[in-house]
file final-v7.cif (mmCIF, C-alpha atoms)
data_my_file
loop_
_atom_site.group_PDB
_atom_site.id
_atom_site.type_symbol
_atom_site.label_atom_id
_atom_site.label_comp_id
_atom_site.auth_asym_id
_atom_site.auth_seq_id
_atom_site.Cartn_x
_atom_site.Cartn_y
_atom_site.Cartn_z
ATOM 1 C CA MET A 1 12.534 0.957 3.470
ATOM 2 C CA GLU A 2 9.449 -0.821 4.807
ATOM 3 C CA MET A 3 7.129 1.775 3.291
ATOM 4 C CA VAL A 4 8.812 1.372 -0.104
ATOM 5 C CA GLY A 5 8.437 -2.397 0.256
ATOM 6 C CA VAL A 6 4.680 -2.377 0.772
ATOM 7 C CA CYS A 7 4.044 0.361 -1.808
ATOM 8 C CA GLY A 8 6.427 -0.722 -4.548
ATOM 9 C CA GLU A 9 7.515 2.833 -5.269
ATOM 10 C CA PHE A 10 7.600 5.687 -2.815
ATOM 11 C CA PRO A 11 6.936 9.196 -4.189
ATOM 12 C CA SER A 12 9.833 11.561 -3.573
ATOM 13 C CA GLU A 13 7.461 14.487 -2.926
ATOM 14 C CA GLN A 14 6.019 12.603 0.078
ATOM 15 C CA LEU A 15 9.392 12.181 1.778
ATOM 16 C CA ASN A 16 8.712 15.196 4.030
ATOM 17 C CA ARG A 17 5.673 13.353 5.425
ATOM 18 C CA LEU A 18 7.805 10.316 6.238
ATOM 19 C CA ILE A 19 10.795 12.194 7.653
ATOM 20 C CA GLU A 20 10.058 15.724 8.884
ATOM 21 C CA SER A 21 13.581 17.128 8.812
ATOM 22 C CA GLU A 22 14.582 17.889 5.227
ATOM 23 C CA SER A 23 18.310 17.583 5.930
ATOM 24 C CA TYR A 24 17.866 14.283 7.779
ATOM 25 C CA ALA A 25 15.648 12.918 4.990
ATOM 26 C CA GLU A 26 18.340 13.831 2.461
ATOM 27 C CA LYS A 27 20.961 12.038 4.560
ATOM 28 C CA VAL A 28 18.804 8.915 4.907
ATOM 29 C CA ILE A 29 18.166 8.755 1.152
ATOM 30 C CA THR A 30 21.867 9.297 0.390
ATOM 31 C CA ASP A 31 22.846 6.526 2.828
ATOM 32 C CA LEU A 32 20.262 4.105 1.398
ATOM 33 C CA LYS A 33 21.464 4.828 -2.141
ATOM 34 C CA GLN A 34 25.135 4.395 -1.177
ATOM 35 C CA SER A 35 24.259 1.090 0.503
ATOM 36 C CA LYS A 36 22.530 0.089 -2.749
ATOM 37 C CA LEU A 37 19.189 -0.450 -0.993
ATOM 38 C CA ILE A 38 17.107 2.029 -3.006
ATOM 39 C CA ARG A 39 17.329 3.737 -6.361
ATOM 40 C CA THR A 40 15.526 6.704 -7.842
ATOM 41 C CA HIS A 41 13.172 6.112 -10.765
ATOM 42 C CA TYR A 42 12.298 9.185 -12.822
ATOM 43 C CA LYS A 43 10.020 9.021 -15.829
ATOM 44 C CA ASP A 44 7.097 11.081 -17.155
ATOM 45 C CA GLY A 45 7.767 13.815 -14.599
ATOM 46 C CA LEU A 46 7.208 11.390 -11.725
ATOM 47 C CA ARG A 47 10.079 10.710 -9.294
ATOM 48 C CA GLY A 48 10.001 7.840 -6.857
ATOM 49 C CA TYR A 49 12.199 5.521 -4.821
ATOM 50 C CA ARG A 50 12.302 1.790 -5.503
ATOM 51 C CA LEU A 51 13.963 -1.040 -3.638
ATOM 52 C CA THR A 52 16.928 -2.846 -5.119
ATOM 53 C CA LYS A 53 17.075 -6.640 -5.250
ATOM 54 C CA HIS A 54 19.406 -6.596 -2.236
ATOM 55 C CA ALA A 55 16.928 -4.511 -0.215
ATOM 56 C CA LYS A 56 14.071 -6.878 -1.060
ATOM 57 C CA GLU A 57 16.135 -9.843 0.082
ATOM 58 C CA LEU A 58 17.051 -8.010 3.289
ATOM 59 C CA LEU A 59 13.415 -7.157 4.125
ATOM 60 C CA LEU A 60 12.322 -10.718 3.343
ATOM 61 C CA SER A 61 14.997 -12.165 5.620
ATOM 62 C CA GLN A 62 14.145 -9.764 8.475
ATOM 63 C CA ASN A 63 10.358 -10.093 8.317
ATOM 64 C CA PRO A 64 9.094 -12.723 5.854
ATOM 65 C CA CYS A 65 5.519 -12.655 7.212
ATOM 66 C CA ARG A 66 5.186 -8.961 6.438
ATOM 67 C CA PHE A 67 6.868 -8.819 3.033
ATOM 68 C CA GLN A 68 6.297 -12.213 1.389
ATOM 69 C CA LYS A 69 3.171 -11.087 -0.497
ATOM 70 C CA TYR A 70 4.714 -7.768 -1.527
ATOM 71 C CA LEU A 71 8.217 -8.718 -2.607
ATOM 72 C CA THR A 72 7.907 -12.129 -4.260
ATOM 73 C CA GLY A 73 6.226 -13.505 -7.338
ATOM 74 C CA ASN A 74 4.200 -11.444 -9.773
ATOM 75 C CA ALA A 75 2.956 -8.904 -7.214
ATOM 76 C CA GLU A 76 2.544 -5.369 -8.545
ATOM 77 C CA THR A 77 4.812 -4.117 -5.763
ATOM 78 C CA ASN A 78 7.539 -6.600 -6.780
ATOM 79 C CA LEU A 79 7.443 -6.369 -10.574
ATOM 80 C CA ILE A 80 6.869 -2.668 -11.003
ATOM 81 C CA ARG A 81 5.823 -1.490 -14.432
ATOM 82 C CA SER A 82 6.806 1.880 -15.818
ATOM 83 C CA GLU A 83 3.397 2.917 -17.168
ATOM 84 C CA LEU A 84 2.318 6.223 -15.652
ATOM 85 C CA PRO A 85 -1.133 5.068 -14.406
ATOM 86 C CA ARG A 86 0.382 2.092 -12.555
ATOM 87 C CA ARG A 87 3.079 4.237 -10.971
ATOM 88 C CA LEU A 88 0.526 6.864 -9.935
ATOM 89 C CA ARG A 89 -1.483 4.109 -8.241
ATOM 90 C CA LEU A 90 1.617 3.026 -6.267
ATOM 91 C CA HIS A 91 2.253 6.646 -5.258
ATOM 92 C CA GLN A 92 -1.368 7.025 -4.140
ATOM 93 C CA LYS A 93 -1.024 3.828 -2.116
ATOM 94 C CA ALA A 94 2.051 5.303 -0.400
ATOM 95 C CA GLU A 95 0.166 8.530 0.395
ATOM 96 C CA THR A 96 -2.693 6.512 1.882
ATOM 97 C CA TYR A 97 -0.366 4.339 3.984
ATOM 98 C CA LEU A 98 1.452 7.446 5.256
ATOM 99 C CA THR A 99 -1.852 8.968 6.355
ATOM 100 C CA LEU A 100 -2.827 5.735 8.118
ATOM 101 C CA SER A 101 0.588 5.557 9.766
ATOM 102 C CA HIS A 102 0.309 9.127 11.086
ATOM 103 C CA ALA A 103 -3.140 8.323 12.461
ATOM 104 C CA GLY A 104 -1.771 5.215 14.219
ATOM 105 C CA ILE A 105 -3.981 2.849 12.213
ATOM 106 C CA PRO A 106 -2.414 -0.577 11.536
ATOM 107 C CA PHE A 107 -2.131 -1.410 7.833
ATOM 108 C CA PHE A 108 0.592 -4.083 7.728
ATOM 109 C CA PRO A 109 -1.088 -7.504 7.397
ATOM 110 C CA ASP A 110 0.933 -9.003 10.257
ATOM 111 C CA GLU A 111 -0.218 -6.261 12.691
ATOM 112 C CA LYS A 112 -3.927 -7.065 12.641
ATOM 113 C CA PRO A 113 -6.356 -9.994 12.818
ATOM 114 C CA LEU A 114 -7.652 -11.707 9.691
ATOM 115 C CA LEU A 115 -11.037 -10.599 8.360
ATOM 116 C CA PHE A 116 -12.206 -14.186 7.928
ATOM 117 C CA SER A 117 -11.275 -17.426 9.688
ATOM 118 C CA GLU A 118 -9.853 -20.442 7.859
ATOM 119 C CA SER A 119 -13.404 -21.846 7.575
ATOM 120 C CA GLY A 120 -14.559 -18.696 5.767
ATOM 121 C CA GLU A 121 -16.595 -17.230 8.608
ATOM 122 C CA ALA A 122 -16.269 -13.572 9.465
ATOM 123 C CA ALA A 123 -13.776 -13.005 12.248
ATOM 124 C CA THR A 124 -14.763 -11.239 15.438
ATOM 125 C CA LEU A 125 -12.695 -8.107 15.781
ATOM 126 C CA PRO A 126 -12.344 -6.748 19.313
ATOM 127 C CA MET A 127 -13.662 -3.176 19.454
ATOM 128 C CA ARG A 128 -10.516 -1.973 21.202
ATOM 129 C CA SER A 129 -8.410 -3.057 18.212
ATOM 130 C CA LEU A 130 -10.319 -0.777 15.827
ATOM 131 C CA PRO A 131 -9.740 1.135 13.611
ATOM 132 C CA LEU A 132 -7.954 -1.271 11.241
ATOM 133 C CA PHE A 133 -7.158 -0.907 7.550
ATOM 134 C CA TYR A 134 -7.360 -3.800 5.097
ATOM 135 C CA SER A 135 -5.863 -3.133 1.663
ATOM 136 C CA SER A 136 -7.622 -3.958 -1.581
ATOM 137 C CA ARG A 137 -5.041 -6.710 -2.079
ATOM 138 C CA GLU A 138 -5.968 -8.310 1.242
ATOM 139 C CA ILE A 139 -9.642 -8.195 0.327
ATOM 140 C CA LYS A 140 -9.122 -9.588 -3.165
ATOM 141 C CA GLU A 141 -7.094 -12.490 -1.728
ATOM 142 C CA LEU A 142 -10.177 -13.711 0.147
ATOM 143 C CA GLY A 143 -11.194 -15.812 -2.837
ATOM 144 C CA ALA A 144 -14.140 -16.289 -5.156
ATOM 145 C CA VAL A 145 -16.519 -14.194 -3.051
ATOM 146 C CA THR A 146 -14.535 -11.084 -4.027
ATOM 147 C CA THR A 147 -14.615 -11.730 -7.789
ATOM 148 C CA LYS A 148 -17.319 -9.105 -8.316
ATOM 149 C CA ILE A 149 -15.225 -6.365 -6.687
ATOM 150 C CA LYS A 150 -11.959 -6.944 -8.561
ATOM 151 C CA ASN A 151 -12.312 -3.692 -10.521
ATOM 152 C CA SER A 152 -12.901 -1.478 -7.518
ATOM 153 C CA ARG A 153 -10.597 1.545 -7.407
ATOM 154 C CA SER A 154 -10.540 1.614 -3.617
ATOM 155 C CA MET A 155 -7.286 1.469 -1.686
ATOM 156 C CA GLY A 156 -9.020 -0.771 0.836
ATOM 157 C CA ILE A 157 -11.418 -0.596 3.746
ATOM 158 C CA LEU A 158 -11.155 1.094 7.096
ATOM 159 C CA MET A 159 -12.894 -0.857 9.838
ATOM 160 C CA ALA A 160 -14.001 1.690 12.443
ATOM 161 C CA PRO A 161 -15.958 0.997 15.663
ATOM 162 C CA HIS A 162 -19.328 2.018 14.194
ATOM 163 C CA CYS A 163 -18.865 1.795 10.436
ATOM 164 C CA VAL A 164 -16.783 0.401 7.582
ATOM 165 C CA TYR A 165 -15.417 2.946 5.115
ATOM 166 C CA ALA A 166 -14.218 2.293 1.576
ATOM 167 C CA VAL A 167 -10.984 4.304 1.239
ATOM 168 C CA TYR A 168 -10.082 5.976 -2.046
ATOM 169 C CA ASN A 169 -7.154 8.094 -3.175
ATOM 170 C CA THR A 170 -7.576 9.554 -6.635
ATOM 171 C CA GLY A 171 -4.918 12.197 -6.249
ATOM 172 C CA ASN A 172 -5.865 15.272 -8.243
ATOM 173 C CA THR A 173 -8.031 13.387 -10.740
ATOM 174 C CA LEU A 174 -11.686 12.449 -10.736
ATOM 175 C CA LEU A 175 -12.597 8.918 -9.715
ATOM 176 C CA LYS A 176 -13.421 6.593 -12.595
ATOM 177 C CA TRP A 177 -16.536 5.385 -10.841
ATOM 178 C CA GLU A 178 -17.711 1.832 -11.487
ATOM 179 C CA TYR A 179 -21.028 2.185 -9.691
ATOM 180 C CA LYS A 180 -21.992 -1.502 -9.440
ATOM 181 C CA THR A 181 -18.471 -2.539 -8.457
ATOM 182 C CA GLU A 182 -18.232 0.076 -5.710
ATOM 183 C CA ILE A 183 -21.701 -0.834 -4.394
ATOM 184 C CA ARG A 184 -20.613 -4.505 -4.271
ATOM 185 C CA LEU A 185 -17.496 -3.495 -2.340
ATOM 186 C CA ASN A 186 -19.593 -1.604 0.209
ATOM 187 C CA ALA A 187 -21.983 -4.559 0.516
ATOM 188 C CA PHE A 188 -19.077 -6.979 0.980
#

call {"tool": "encode", "arguments": {"input": "final-v7.cif", "output": "structure tokens"}}
result
Amino acid sequence: MEMVGVCGEFPSEQLNRLIESESYAEKVITDLKQSKLIRTHYKDGLRGYRLTKHAKELLLSQNPCRFQKYLTGNAETNLIRSELPRRLRLHQKAETYLTLSHAGIPFFPDEKPLLFSESGEAATLPMRSLPLFYSSREIKELGAVTTKIKNSRSMGILMAPHCVYAVYNTGNTLLKWEYKTEIRLNAF
């Protein structure tokens, strides 16, 4: 349920990457549906799992620090639209988070240090805590300094010991490259 919460919609074809046993995955999904915690959304040939209102409330009560930004207000992961491009973006986010999870790289905001201190100065990240992933949402929440990178198509940045990588997931389509925006993201 946590993965669905941070992604907004979890792609059904990625379930085998989340739960290896097909029969166990089927049982988990059936149990979550019977408990009215998730529902299946199928439109435009794209099938995904979404949280119910009850599930959102449950996650918020269990871990408000982790889910507040994802499951309240006008967040894209809270008020999911049905347009195909938006849903594909949520599915790509889920694929990216699954890959990070399998690699043992923290991506939940409450599992890693802030990029900048309250005063706006860059935080010092201990080398032993790297690699860390910061989502595009986390970067864009840093304020006015990120205004010029709002149209970046990156999923976020991966802070590694010797380099910072912009992370993209375009699925099986070509990247709609906004050269100046992506260069600004790399510079940031």

call {"tool": "resolve_selection", "arguments": {"input": "final-v7.cif", "expression": "the PyMOL selection byres ((chain A and resi 124-129) around 12)", "output": "MDAnalysis selection string"}}
result
chainID A and resid 104:106 111:117 121:123 130:133 159:163

call {"tool": "resolve_selection", "arguments": {"input": "final-v7.cif", "expression": "the PyMOL selection byres ((chain A and resi 32-37) around 12)", "output": "ChimeraX atom specification"}}
result
/A:1-2,4-5,25-31,38-40,49-59

call {"tool": "closest_residue", "arguments": {"input": "final-v7.cif", "among": "A:Phe10, A:Tyr168, A:Asp44, A:Tyr134", "to": "Pro85 (chain A)", "atoms": "only C-alpha atoms"}}
result
A:Asp44

call {"tool": "resolve_selection", "arguments": {"input": "final-v7.cif", "expression": "the PyMOL selection byres ((chain A and resi 17-23) around 10)", "output": "VMD selection string"}}
result
chain A and resid 3 13 to 16 24 to 28 95 98 to 99 101 to 102

call {"tool": "atom_distance", "arguments": {"input": "final-v7.cif", "atom1": "CA of Arg66 (chain A)", "atom2": "CA of Met155 (chain A)"}}
result
18.2 Å

call {"tool": "atom_distance", "arguments": {"input": "final-v7.cif", "atom1": "CA of Leu46 (chain A)", "atom2": "CA of Tyr70 (chain A)"}}
result
21.8 Å

call {"tool": "closest_residue", "arguments": {"input": "final-v7.cif", "among": "A:Thr77, A:Thr96, A:Asn169, A:Asn63", "to": "Arg137 (chain A)", "atoms": "only C-alpha atoms"}}
result
A:Thr77

call {"tool": "atom_distance", "arguments": {"input": "final-v7.cif", "atom1": "CA of Asn78 (chain A)", "atom2": "CA of Leu90 (chain A)"}}
result
11.3 Å
